[in-house]
file my_file.txt (compact mmCIF, C-alpha atoms)
# COMPACT_ATOMS: atom_id res chain seq x y z
CA MET A 7 38.99 -25.39 -5.73
CA ASN A 8 36.45 -22.58 -5.93
CA THR A 9 33.51 -24.18 -7.71
CA LEU A 10 29.96 -22.86 -7.69
CA THR A 11 29.13 -25.53 -5.09
CA ASP A 12 31.98 -24.37 -2.84
CA ARG A 13 30.85 -20.77 -3.14
CA TYR A 14 27.24 -21.75 -2.43
CA LEU A 15 28.25 -23.72 0.67
CA ALA A 16 30.38 -20.84 1.95
CA ALA A 17 27.52 -18.36 1.46
CA THR A 18 25.13 -20.66 3.28
CA LEU A 19 27.35 -21.64 6.20
CA ARG A 20 28.34 -18.11 7.15
CA SER A 21 24.79 -17.50 8.44
CA VAL A 22 24.32 -20.71 10.45
CA PRO A 23 25.47 -21.35 14.05
CA ALA A 24 29.14 -22.37 14.18
CA PRO A 25 28.57 -25.66 16.06
CA ARG A 26 26.34 -26.91 13.24
CA ARG A 27 28.37 -25.78 10.25
CA GLU A 28 30.29 -29.02 9.68
CA GLU A 29 27.14 -31.12 9.96
CA ILE A 30 25.17 -28.86 7.59
CA ALA A 31 28.09 -28.64 5.14
CA THR A 32 28.34 -32.43 4.88
CA GLU A 33 24.58 -32.86 4.51
CA LEU A 34 24.16 -30.03 1.99
CA ARG A 35 27.15 -31.06 -0.16
CA ALA A 36 25.86 -34.61 -0.32
CA SER A 37 22.44 -33.40 -1.37
CA ILE A 38 23.90 -31.15 -4.07
CA ASP A 39 26.14 -33.96 -5.39
CA ASP A 40 23.19 -36.37 -5.53
CA MET A 41 21.04 -33.82 -7.41
CA ILE A 42 23.84 -33.09 -9.87
CA GLU A 43 24.49 -36.80 -10.39
CA GLY A 44 20.82 -37.38 -11.08
CA ARG A 45 20.92 -34.79 -13.86
CA THR A 46 24.22 -35.95 -15.38
CA ASP A 47 22.94 -39.53 -15.48
CA GLY A 48 20.23 -38.20 -17.73
CA GLY A 49 22.84 -36.88 -20.15
CA GLN A 50 23.07 -33.25 -18.93
CA ASP A 51 26.41 -31.45 -18.88
CA ALA A 52 27.95 -31.38 -15.37
CA THR A 53 28.52 -27.60 -15.36
CA THR A 54 24.98 -26.89 -16.50
CA ALA A 55 23.59 -29.41 -14.03
CA GLU A 56 25.47 -27.79 -11.14
CA ARG A 57 24.19 -24.32 -12.05
CA GLU A 58 20.58 -25.52 -12.35
CA VAL A 59 20.72 -27.43 -9.05
CA LEU A 60 22.05 -24.42 -7.13
CA THR A 61 19.48 -22.16 -8.79
CA GLU A 62 16.76 -24.58 -7.72
CA LEU A 63 18.01 -24.51 -4.11
CA GLY A 64 17.59 -20.73 -4.13
CA ASN A 65 19.11 -17.91 -2.13
CA PRO A 66 21.69 -19.30 0.32
CA ASP A 67 20.63 -16.81 3.01
CA VAL A 68 17.07 -18.16 2.88
CA LEU A 69 18.36 -21.73 3.01
CA ALA A 70 20.57 -20.86 5.98
CA ALA A 71 17.60 -19.37 7.81
CA ARG A 72 15.71 -22.65 7.39
CA TYR A 73 18.64 -24.64 8.74
CA ALA A 74 18.99 -22.29 11.69
CA ASP A 75 15.22 -22.11 12.25
CA ARG A 76 15.50 -18.34 12.03
CA ARG A 77 12.57 -16.15 11.00
CA LEU A 78 13.08 -13.79 8.07
CA GLN A 79 10.41 -11.31 9.13
CA LEU A 80 10.42 -8.62 11.77
CA ILE A 81 7.01 -9.68 13.12
CA GLY A 82 5.64 -13.08 12.16
CA PRO A 83 2.04 -14.18 11.57
CA THR A 84 1.59 -15.18 15.22
CA TYR A 85 1.74 -11.60 16.47
CA TYR A 86 1.21 -9.54 13.32
CA LEU A 87 -2.54 -9.03 13.62
CA LEU A 88 -2.27 -8.08 17.30
CA TRP A 89 0.55 -5.63 16.46
CA LEU A 90 -1.48 -4.08 13.66
CA ARG A 91 -4.61 -3.76 15.79
CA LEU A 92 -2.73 -2.08 18.65
CA LEU A 93 -0.87 0.21 16.24
CA LYS A 94 -4.10 1.40 14.62
CA LEU A 95 -5.70 1.95 18.03
CA LEU A 96 -2.80 3.99 19.43
CA LEU A 97 -2.33 6.05 16.25
CA SER A 98 -6.04 6.79 16.07
CA PHE A 99 -6.03 9.25 18.96
CA ILE A 100 -2.70 9.73 20.78
CA PRO A 101 -0.87 11.79 18.08
CA ALA A 102 -3.94 13.97 17.53
CA LEU A 103 -4.37 14.46 21.28
CA VAL A 104 -0.73 15.46 21.78
CA GLY A 105 -0.78 17.72 18.73
CA THR A 106 -3.91 19.46 19.98
CA ILE A 107 -2.45 19.99 23.45
CA VAL A 108 0.78 21.44 22.02
CA THR A 109 -1.19 23.73 19.69
CA VAL A 110 -3.36 25.00 22.54
CA VAL A 111 -0.33 25.64 24.74
CA GLU A 112 1.50 27.46 21.94
CA ALA A 113 -1.58 29.52 21.13
CA ALA A 114 -1.99 30.44 24.80
CA GLU A 115 1.52 31.86 24.67
CA GLY A 116 0.40 34.27 21.96
CA LYS A 117 1.81 32.56 18.86
CA GLY A 118 -1.51 32.65 16.98
CA PHE A 119 -1.49 30.66 13.73
CA GLY A 120 2.19 29.93 14.39
CA ALA A 121 1.04 27.43 16.99
CA ILE A 122 -0.24 25.06 14.30
CA GLY A 123 3.22 24.08 13.05
CA PRO A 124 4.58 22.88 16.42
CA GLY A 125 1.34 20.97 17.01
CA ILE A 126 1.64 19.11 13.70
CA ALA A 127 5.34 18.42 14.32
CA ALA A 128 4.57 17.03 17.79
CA ALA A 129 1.82 14.77 16.40
CA ILE A 130 4.17 13.38 13.73
CA GLN A 131 6.94 12.76 16.27
CA VAL A 132 4.56 10.94 18.60
CA ALA A 133 3.27 8.78 15.73
CA VAL A 134 6.84 7.81 14.77
CA GLN A 135 7.74 7.01 18.38
CA ILE A 136 4.63 4.87 18.87
CA THR A 137 5.32 2.93 15.67
CA PHE A 138 8.99 2.37 16.53
CA TRP A 139 8.60 1.25 20.14
CA LEU A 140 5.56 -0.93 19.52
CA THR A 141 7.29 -2.63 16.59
CA LEU A 142 10.47 -3.11 18.63
CA THR A 143 8.50 -4.67 21.48
CA PHE A 144 6.80 -7.19 19.22
CA ALA A 145 10.05 -7.94 17.38
CA ILE A 146 11.70 -8.80 20.73
CA ILE A 147 8.74 -11.01 21.67
CA GLU A 148 9.02 -12.70 18.27
CA ARG A 149 12.77 -13.32 18.60
CA THR A 150 12.75 -14.48 22.22
CA GLN A 151 9.63 -16.58 21.62
CA THR A 152 8.14 -15.21 24.83
CA PRO A 153 4.82 -16.98 25.45
CA VAL A 154 1.89 -14.61 25.14
CA ASP A 155 -1.57 -15.74 26.14
CA LEU A 156 -3.52 -14.60 23.08
CA PRO A 157 -7.29 -15.02 23.19
CA GLU A 158 -8.74 -17.53 20.75
CA TRP A 159 -10.79 -16.13 17.89
CA THR A 160 -14.51 -16.88 17.96
CA VAL A 161 -17.40 -15.98 15.68
CA ASP A 162 -18.70 -13.67 18.42
CA GLN A 163 -15.90 -11.26 17.47
CA LEU A 164 -17.29 -10.75 13.98
CA PRO A 165 -18.30 -7.10 13.46
CA ASP A 166 -21.71 -6.15 12.17
CA ALA A 167 -21.92 -5.94 8.41
CA PRO A 168 -21.61 -2.28 7.35
CA VAL A 169 -24.78 -0.63 6.16
CA ARG A 170 -24.16 0.97 2.80
CA ARG A 171 -25.61 4.47 2.81
CA GLY A 172 -26.48 6.45 -0.27
CA ILE A 173 -25.23 9.60 1.48
CA PRO A 174 -22.06 8.87 3.50
CA LEU A 175 -21.81 10.52 6.91
CA ALA A 176 -18.24 11.65 6.20
CA ASP A 177 -19.37 13.59 3.11
CA THR A 178 -22.14 15.28 5.10
CA ILE A 179 -19.79 16.26 7.92
CA ALA A 180 -17.23 17.67 5.47
CA SER A 181 -19.87 19.69 3.65
CA VAL A 182 -21.34 21.09 6.87
CA ILE A 183 -17.90 22.04 8.18
CA MET A 184 -17.02 23.90 4.97
CA LEU A 185 -20.32 25.76 5.03
CA VAL A 186 -19.98 26.70 8.71
CA LEU A 187 -16.41 27.94 8.14
CA THR A 188 -17.60 30.06 5.22
CA ILE A 189 -20.43 31.50 7.30
CA ALA A 190 -17.98 32.30 10.11
CA TYR A 191 -15.45 33.91 7.74
CA LEU A 192 -17.86 36.46 6.28
CA PRO A 193 -18.28 38.46 9.51
CA LEU A 194 -14.80 37.57 10.78
CA GLN A 195 -13.03 39.17 7.81
CA HIS A 196 -14.73 42.44 8.69
CA TYR A 197 -12.82 42.54 11.99
CA HIS A 198 -9.75 40.37 11.38
CA SER A 199 -8.39 40.17 7.85
CA TRP A 200 -4.83 39.88 6.61
CA VAL A 201 -4.77 43.52 5.41
CA SER A 202 -4.16 46.45 7.77
CA GLY A 203 -4.23 50.18 7.16
CA THR A 204 -1.31 52.53 7.75
CA ASP A 205 -2.60 53.13 11.28
CA GLY A 206 -2.88 49.38 11.94
CA GLU A 207 -6.66 49.36 11.57
CA ASN A 208 -8.15 46.25 9.96
CA ILE A 209 -9.28 46.57 6.34
CA ALA A 210 -12.08 44.16 5.46
CA ILE A 211 -11.64 42.11 2.28
CA LEU A 212 -15.29 42.46 1.23
CA ASP A 213 -16.99 45.81 0.78
CA PRO A 214 -18.65 46.77 4.11
CA ALA A 215 -21.54 48.26 2.12
CA LEU A 216 -22.59 44.69 1.26
CA TRP A 217 -23.78 44.23 4.85
CA SER A 218 -26.83 46.31 3.97
CA PHE A 219 -28.26 43.35 2.02
CA TRP A 220 -25.98 41.01 0.05
CA LEU A 221 -23.81 39.51 2.77
CA PRO A 222 -26.79 38.71 5.07
CA ALA A 223 -28.54 37.22 2.03
CA LEU A 224 -25.53 35.05 1.17
CA ILE A 225 -25.22 33.93 4.79
CA GLY A 226 -28.90 33.01 4.71
CA VAL A 227 -28.29 30.86 1.63
CA LEU A 228 -25.40 29.14 3.37
CA VAL A 229 -27.52 28.45 6.45
CA LEU A 230 -30.18 26.91 4.21
CA SER A 231 -27.44 24.83 2.60
CA VAL A 232 -26.47 23.47 6.04
CA VAL A 233 -30.10 22.50 6.65
CA PHE A 234 -30.19 20.92 3.18
CA GLU A 235 -27.14 18.77 3.93
CA ILE A 236 -28.77 17.46 7.12
CA VAL A 237 -32.06 16.72 5.35
CA LYS A 238 -30.19 15.01 2.51
CA TYR A 239 -28.40 12.77 5.00
CA ARG A 240 -31.70 11.85 6.70
CA VAL A 241 -33.28 10.97 3.35
CA ASP A 242 -30.16 8.84 2.69
CA ARG A 243 -30.28 9.08 -1.11
CA TRP A 244 -30.35 11.61 -3.88
CA THR A 245 -33.79 12.29 -5.34
CA TRP A 246 -34.78 14.65 -8.12
CA PRO A 247 -36.54 17.03 -5.67
CA LEU A 248 -33.32 17.19 -3.66
CA PHE A 249 -31.37 17.79 -6.85
CA GLY A 250 -33.72 20.66 -7.76
CA THR A 251 -33.23 22.19 -4.31
CA LYS A 252 -29.48 21.81 -4.72
CA VAL A 253 -29.62 23.68 -8.04
CA LEU A 254 -31.57 26.55 -6.49
CA LEU A 255 -29.22 26.88 -3.52
CA ASP A 256 -26.08 26.76 -5.66
CA LEU A 257 -27.41 29.36 -8.07
CA ALA A 258 -28.70 31.53 -5.21
CA PHE A 259 -25.14 31.80 -3.92
CA ALA A 260 -23.06 31.69 -7.11
CA VAL A 261 -25.06 34.10 -9.28
CA PRO A 262 -25.01 37.05 -6.81
CA LEU A 263 -21.35 36.34 -6.05
CA ALA A 264 -20.43 36.39 -9.74
CA TRP A 265 -22.52 39.52 -10.41
CA LEU A 266 -20.96 41.39 -7.49
CA ALA A 267 -17.48 40.35 -8.63
CA LEU A 268 -18.02 41.35 -12.27
CA SER A 269 -19.58 44.68 -11.33
CA ASP A 270 -16.64 45.52 -9.02
CA ARG A 271 -18.87 45.61 -5.94
CA LEU A 272 -17.45 42.63 -4.06
CA LEU A 273 -14.04 43.78 -2.79
CA ASN A 274 -13.53 46.64 -0.37
CA PRO A 275 -12.43 49.82 -2.22
CA ALA A 276 -10.20 50.62 0.76
CA LEU A 277 -7.92 47.74 -0.26
CA ALA A 278 -6.47 50.00 -2.95
CA GLU A 279 -4.92 52.15 -0.23
CA ARG A 280 -2.68 49.28 0.89
CA LEU A 281 -2.50 47.08 -2.23
CA SER A 282 -1.43 49.25 -5.14
CA TRP A 283 -2.19 46.61 -7.75
CA VAL A 284 -5.83 46.53 -6.63
CA ALA A 285 -6.12 50.25 -7.42
CA GLU A 286 -5.74 49.55 -11.15
CA ALA A 287 -9.06 48.97 -12.92
CA GLU A 288 -7.67 46.23 -15.15
CA ASN A 289 -6.49 44.23 -12.16
CA ARG A 290 -9.81 44.59 -10.39
CA ASP A 291 -11.60 43.42 -13.54
CA ALA A 292 -9.27 40.41 -13.76
CA ILE A 293 -9.94 39.53 -10.13
CA GLY A 294 -13.69 39.84 -10.63
CA LEU A 295 -13.57 37.68 -13.74
CA ALA A 296 -11.49 35.03 -11.96
CA ILE A 297 -13.96 34.91 -9.06
CA ALA A 298 -16.95 34.67 -11.40
CA VAL A 299 -15.39 31.96 -13.57
CA GLY A 300 -14.26 30.02 -10.51
CA ALA A 301 -17.72 30.16 -8.96
CA ALA A 302 -19.33 29.07 -12.24
CA ALA A 303 -16.88 26.19 -12.68
CA VAL A 304 -17.47 24.91 -9.14
CA VAL A 305 -21.25 25.07 -9.53
CA VAL A 306 -21.27 23.38 -12.96
CA TRP A 307 -18.98 20.58 -11.81
CA ASP A 308 -20.95 20.09 -8.59
CA LEU A 309 -24.29 19.93 -10.41
CA ILE A 310 -22.98 17.51 -13.05
CA ASP A 311 -21.67 15.20 -10.34
CA THR A 312 -24.90 15.52 -8.35
CA ALA A 313 -27.03 14.79 -11.44
CA ARG A 314 -24.99 11.63 -12.08
CA LYS A 315 -25.47 10.44 -8.48
CA THR A 316 -29.18 11.28 -8.58
CA ARG A 317 -29.74 9.30 -11.77
CA GLN A 318 -27.88 6.28 -10.36
CA GLN A 319 -29.70 6.27 -7.02
CA ALA A 320 -33.11 7.16 -8.43
CA THR A 321 -33.02 4.14 -10.77
CA ALA A 322 -31.48 1.76 -8.20
call {"tool": "encode", "arguments": {"input": "my_file.txt", "output": "structure tokens"}}
result
Amino acid sequence: MNTLTDRYLAATLRSVPAPRREEIATELRASIDDMIEGRTDGGQDATTAEREVLTELGNPDVLAARYADRRLQLIGPTYYLLWLRLLKLLLSFIPALVGTIVTVVEAAEGKGFGAIGPGIAAAIQVAVQITFWLTLTFAIIERTQTPVDLPEWTVDQLPDAPVRRGIPLADTIASVIMLVLTIAYLPLQHYHSWVSGTDGENIAILDPALWSFWLPALIGVLVLSVVFEIVKYRVDRWTWPLFGTKVLLDLAFAVPLAWLALSDRLLNPALAERLSWVAEAENRDAIGLAIAVGAAAVVVWDLIDTARKTRQQATA
């Protein structure tokens, strides 16, 4: 016969150790017959009772694992937290360290920005290798049940409760880095831009005439913005005076930038010698308009978000 019970027993027994199959088969069949008999005594159809009993017993592979005392997870609860803690620790610095070393070596060989790709690839490969080998090690420990002397947890291991800051340090660091990079780019583009003349000489993106006043003024605004970010972090919350200072700094940078872009004074006229599409007045006007609109959109969005935060923290 090939009843549902026979099929269920066959599916279960194929995953249990051979020496125990006969014993488990006898025990399991008896249990199934008793459960079916209990339902049929209550007036249920035998076929329906058999189907419901086997459904109640569940997946035969799971049942077989219980009989064989076999774990159905790669890393069980005994070692999971230790595995996770070690994985986080190793991934927190080793891939970045290897990636940085590879990037520095590649850059030293004269590959320039092309050194970034190999560094990222090396970091990813190291992260994958760490994850694989650490997981494999703990899976072997789990399967072989190797005794590991794990320290007992105590209340002394509890971390300090985090102090909720109104101005997160991560936000401040990100803002300062962006401002410093912008400050560095303004003079750098004068000597190393992505546009070169016919003789290989660098062509600055921004009009060199702006160095007479506007570019130093904009750099000054950016430096003040760096100072503002540090002061804001020390105050640890948005206040209306800080919001007013933020408005002034944003406008002091965005308004001159937009005016220079719209009046066709921002980009270097020499770009037209290498980029033919820049030589056309309509294209230059479109570029200027895009820069002005983009600057306005960034400032408006930033000030709306800042006003919302200021109102929330000022009334808290």
call {"tool": "closest_residue", "arguments": {"input": "my_file.txt", "among": "A:Arg314, A:Arg20, A:Arg26, A:Arg91", "to": "A:Asp67", "atoms": "only C-alpha atoms"}}
result
A:Arg20
call {"tool": "closest_residue", "arguments": {"input": "my_file.txt", "among": "A:Gln318, A:Thr188, A:Thr137, A:Thr11", "to": "A:Ala36", "atoms": "all atoms listed in the file"}}
result
A:Thr11
call {"tool": "residues_near_point", "arguments": {"input": "my_file.txt", "point": "(23.7, -22.7, 7.8)", "cutoff": "7 Å", "atoms": "only C-alpha atoms", "output": "count of residues only"}}
result
12
call {"tool": "closest_residue", "arguments": {"input": "my_file.txt", "among": "A:Leu277, A:Ala129, A:Ile122, A:Leu97", "to": "A:Thr109", "atoms": "only C-alpha atoms"}}
result
A:Ile122
call {"tool": "closest_residue", "arguments": {"input": "my_file.txt", "among": "A:Tyr85, A:Leu224, A:Gln319, A:Asp12", "to": "A:Ala145", "atoms": "only C-alpha atoms"}}
result
A:Tyr85
call {"tool": "axis_aligned_box", "arguments": {"input": "my_file.txt", "around": "stretch 21-31 of chain A", "padding_each_side": "4 Å", "output": "JSON"}}
result
{"center_x": 27.3, "center_y": -24.3, "center_z": 10.6, "size_x": 14.0, "size_y": 21.6, "size_z": 18.9}
call {"tool": "atom_distance", "arguments": {"input": "my_file.txt", "atom1": "atom CA of A:Arg13", "atom2": "atom CA of A:Gly48"}}
result
25.1 Å
call {"tool": "atom_distance", "arguments": {"input": "my_file.txt", "atom1": "atom CA of A:Asp242", "atom2": "atom CA of A:Phe259"}}
result
24.4 Å
call {"tool": "residues_near_point", "arguments": {"input": "my_file.txt", "point": "(-27.4, 13.8, -9.6)", "cutoff": "12 Å", "atoms": "all atoms listed in the file", "output": "ChimeraX atom specification"}}
result
/A:172,243-253,306-321
call {"tool": "atom_distance", "arguments": {"input": "my_file.txt", "atom1": "atom CA of A:Val108", "atom2": "atom CA of A:Met184"}}
result
24.8 Å
call {"tool": "closest_residue", "arguments": {"input": "my_file.txt", "among": "A:Ala287, A:Val241, A:Ala223, A:Ala127", "to": "A:Pro101", "atoms": "all atoms listed in the file"}}
result
A:Ala127
call {"tool": "closest_residue", "arguments": {"input": "my_file.txt", "among": "A:Ser98, A:Gln131, A:Gln50, A:Asn274", "to": "A:Gln195", "atoms": "all atoms listed in the file"}}
result
A:Asn274
